[in-house]
Amino acid sequence: MTLQDFIAKENVVLNNDFDNWQDAIHFAGNLLVRSGCINQTYCEDMIKAVEEYGPYIVIMPGIALAHARPNGNVFVNQIALVSMPKGVDFGNSQNDPVHFLFAIAARTDKEHMMIFKTLASFLSVEENLKALQTATCFDDIGF
């Protein structure tokens with residue numbers, strides 16, 4: 001599997017800015033709600049996870065991976081991506097501000113790990129990070 005198997009063009013919105021991390025996650029989650037991948041409960045659970053466990057989802061400078069337990073609220077494995085040029089602080093002193101938020105929806109724990117592994121492989125390639133930073137449209141990213 002490649003990352004393009006999990007990211008649909010309609011679930012990528014570039015160059016959007018938000019006042020706070022909650023609004024950013026809500027926006028990314030609603031992309032997945034509108035495309036029928038998750039329900040609103042999963043969207044809210046992604047926000048609750050950060051409220052409960054802190055900004056652990058900010059995995060590297062400028063990049064956050066929002067997610068939650070599926071609990072029957074995920075219908076299609078999918079990732080939404082929102083880029084935020086001004087950045088949003090999540091409260092992670094080492095890796096804030098976040099400029100790229102990936103909202104990850106997986107139906108099972110096994111699929112969750114598969115998607116994380118695929119995304120981690122993508123993010124570990126310097127050329128891919130540069131493509132994210134300069135992208136003006138979905139096709140520029142090179143999923």
# chains A, B, ... in the order shown; residues from 1 in each chain; ligands from 1
>>> select_by_dssp(residues="chain A", states="strand (DSSP E or B)", output="PyMOL selection string")
chain A and resi 12-13+38+58-60+63-66+74+78-88+98-105
>>> residues_around(residues="Gly91 in chain A", least_positions_apart="5", cutoff="8 Å", atoms="only C-alpha atoms", output="PyMOL selection string")
chain A and resi 54-55+96
>>> select_by_dssp(residues="range 15-126 of chain A", states="alpha helix (DSSP H)", output="ChimeraX atom specification")
/A:21-34,40-53,109-123,126
>>> residues_around(residues="Leu65 in chain A", least_positions_apart="2", cutoff="7 Å", atoms="only C-alpha atoms", output="number ranges by chain")
A: 57-58, 63, 67, 101-104
>>> closest_residue(among="A:Arg107, A:Lys9, A:Arg34, A:His99", to="Arg69 in chain A", atoms="only C-alpha atoms")
A:Arg107
>>> closest_residue(among="A:Phe27, A:Met84, A:Phe116, A:Phe90", to="Ala135 in chain A", atoms="only C-alpha atoms")
A:Met84
>>> residues_around(residues="Thr108 in chain A", least_positions_apart="5", cutoff="12 Å", atoms="only C-alpha atoms", output="list of chain:residue names")
A:Ala68, A:Arg69, A:Pro70, A:Asn71, A:Gly72, A:Asn73, A:Val74, A:Phe75, A:Val76, A:Asn77, A:Met113, A:Met114, A:Ile115
>>> write_last_selection(atoms="N, CA, C and O atoms", output="PDB file, in the first residue's frame")
ATOM      1  N   ALA A  68      -8.012   8.992  16.640  1.00  0.00           N
ATOM      2  CA  ALA A  68      -8.730   8.524  17.830  1.00  0.00           C
ATOM      3  C   ALA A  68      -8.989   7.030  17.677  1.00  0.00           C
ATOM      4  O   ALA A  68      -8.727   6.450  16.622  1.00  0.00           O
ATOM      5  N   ARG A  69      -9.513   6.414  18.699  1.00  0.00           N
ATOM      6  CA  ARG A  69      -9.923   5.010  18.624  1.00  0.00           C
ATOM      7  C   ARG A  69     -11.124   4.928  17.671  1.00  0.00           C
ATOM      8  O   ARG A  69     -12.006   5.790  17.729  1.00  0.00           O
ATOM      9  N   PRO A  70     -11.191   3.912  16.821  1.00  0.00           N
ATOM     10  CA  PRO A  70     -12.291   3.849  15.845  1.00  0.00           C
ATOM     11  C   PRO A  70     -13.668   3.696  16.487  1.00  0.00           C
ATOM     12  O   PRO A  70     -14.608   4.385  16.094  1.00  0.00           O
ATOM     13  N   ASN A  71     -13.814   2.798  17.450  1.00  0.00           N
ATOM     14  CA  ASN A  71     -15.080   2.607  18.172  1.00  0.00           C
ATOM     15  C   ASN A  71     -16.319   2.575  17.274  1.00  0.00           C
ATOM     16  O   ASN A  71     -17.375   3.078  17.649  1.00  0.00           O
ATOM     17  N   GLY A  72     -16.175   2.025  16.075  1.00  0.00           N
ATOM     18  CA  GLY A  72     -17.312   1.935  15.162  1.00  0.00           C
ATOM     19  C   GLY A  72     -17.640   3.221  14.443  1.00  0.00           C
ATOM     20  O   GLY A  72     -18.645   3.299  13.729  1.00  0.00           O
ATOM     21  N   ASN A  73     -16.801   4.253  14.600  1.00  0.00           N
ATOM     22  CA  ASN A  73     -17.069   5.564  14.010  1.00  0.00           C
ATOM     23  C   ASN A  73     -16.284   5.831  12.726  1.00  0.00           C
ATOM     24  O   ASN A  73     -16.373   6.906  12.154  1.00  0.00           O
ATOM     25  N   VAL A  74     -15.511   4.840  12.278  1.00  0.00           N
ATOM     26  CA  VAL A  74     -14.745   4.957  11.039  1.00  0.00           C
ATOM     27  C   VAL A  74     -15.300   3.940  10.044  1.00  0.00           C
ATOM     28  O   VAL A  74     -15.411   2.761  10.350  1.00  0.00           O
ATOM     29  N   PHE A  75     -15.638   4.420   8.850  1.00  0.00           N
ATOM     30  CA  PHE A  75     -16.249   3.563   7.835  1.00  0.00           C
ATOM     31  C   PHE A  75     -15.295   3.244   6.686  1.00  0.00           C
ATOM     32  O   PHE A  75     -15.427   2.210   6.041  1.00  0.00           O
ATOM     33  N   VAL A  76     -14.351   4.146   6.422  1.00  0.00           N
ATOM     34  CA  VAL A  76     -13.393   3.976   5.333  1.00  0.00           C
ATOM     35  C   VAL A  76     -12.034   4.460   5.840  1.00  0.00           C
ATOM     36  O   VAL A  76     -11.940   5.546   6.419  1.00  0.00           O
ATOM     37  N   ASN A  77     -10.998   3.673   5.633  1.00  0.00           N
ATOM     38  CA  ASN A  77      -9.646   4.114   5.979  1.00  0.00           C
ATOM     39  C   ASN A  77      -9.282   5.297   5.091  1.00  0.00           C
ATOM     40  O   ASN A  77      -9.335   5.195   3.861  1.00  0.00           O
ATOM     41  N   MET A 113      -2.228   0.990  12.394  1.00  0.00           N
ATOM     42  CA  MET A 113      -0.768   0.861  12.360  1.00  0.00           C
ATOM     43  C   MET A 113      -0.236   0.860  10.930  1.00  0.00           C
ATOM     44  O   MET A 113       0.818   1.445  10.654  1.00  0.00           O
ATOM     45  N   MET A 114      -0.961   0.234  10.017  1.00  0.00           N
ATOM     46  CA  MET A 114      -0.551   0.208   8.616  1.00  0.00           C
ATOM     47  C   MET A 114      -0.537   1.623   8.032  1.00  0.00           C
ATOM     48  O   MET A 114       0.404   2.022   7.342  1.00  0.00           O
ATOM     49  N   ILE A 115      -1.575   2.414   8.334  1.00  0.00           N
ATOM     50  CA  ILE A 115      -1.643   3.785   7.825  1.00  0.00           C
ATOM     51  C   ILE A 115      -0.533   4.627   8.451  1.00  0.00           C
ATOM     52  O   ILE A 115       0.137   5.400   7.753  1.00  0.00           O
TER      53      ILE A 115
END
>>> atom_distance(atom1="CA of Leu31 in chain A", atom2="CA of Cys43 in chain A")
9.7 Å
>>> closest_residue(among="A:Cys137, A:Cys37, A:Ile7, A:Leu81", to="Ile25 in chain A", atoms="only C-alpha atoms")
A:Leu81
>>> atom_distance(atom1="CA of Lys110 in chain A", atom2="CA of His26 in chain A")
24.7 Å
>>> closest_residue(among="A:Asn39, A:Lys48, A:Val82, A:Tyr56", to="Asp17 in chain A", atoms="only C-alpha atoms")
A:Val82
>>> atom_distance(atom1="CA of Ala24 in chain A", atom2="CA of Val88 in chain A")
8.1 Å
>>> closest_atom_pairs(of="range 3-52 of chain A", to="range 117-130 of chain A", cutoff="12 Å", atoms="only C-alpha atoms", output="CSV")
residue,atom,partner,partner_atom,distance
A:Leu3,CA,A:Thr118,CA,6.0
A:Gln4,CA,A:Thr118,CA,9.7
A:Asp5,CA,A:Thr118,CA,9.9
A:Phe6,CA,A:Thr118,CA,9.3
A:Ile7,CA,A:Leu119,CA,10.3
>>> write_last_selection(atoms="N, CA and C atoms", output="compact mmCIF listing (two decimals), in the first residue's frame")
# COMPACT_ATOMS: atom_id res chain seq x y z
N LEU A 3 0.72 5.73 0.18
CA LEU A 3 -0.06 6.80 0.81
C LEU A 3 -1.22 7.24 -0.07
N GLN A 4 -1.06 7.18 -1.37
CA GLN A 4 -2.14 7.59 -2.26
C GLN A 4 -3.38 6.71 -2.12
N ASP A 5 -3.22 5.52 -1.55
CA ASP A 5 -4.37 4.65 -1.29
C ASP A 5 -5.25 5.18 -0.17
N PHE A 6 -4.71 6.11 0.63
CA PHE A 6 -5.42 6.60 1.80
C PHE A 6 -5.77 8.08 1.76
N ILE A 7 -5.33 8.79 0.72
CA ILE A 7 -5.60 10.23 0.66
C ILE A 7 -6.32 10.55 -0.63
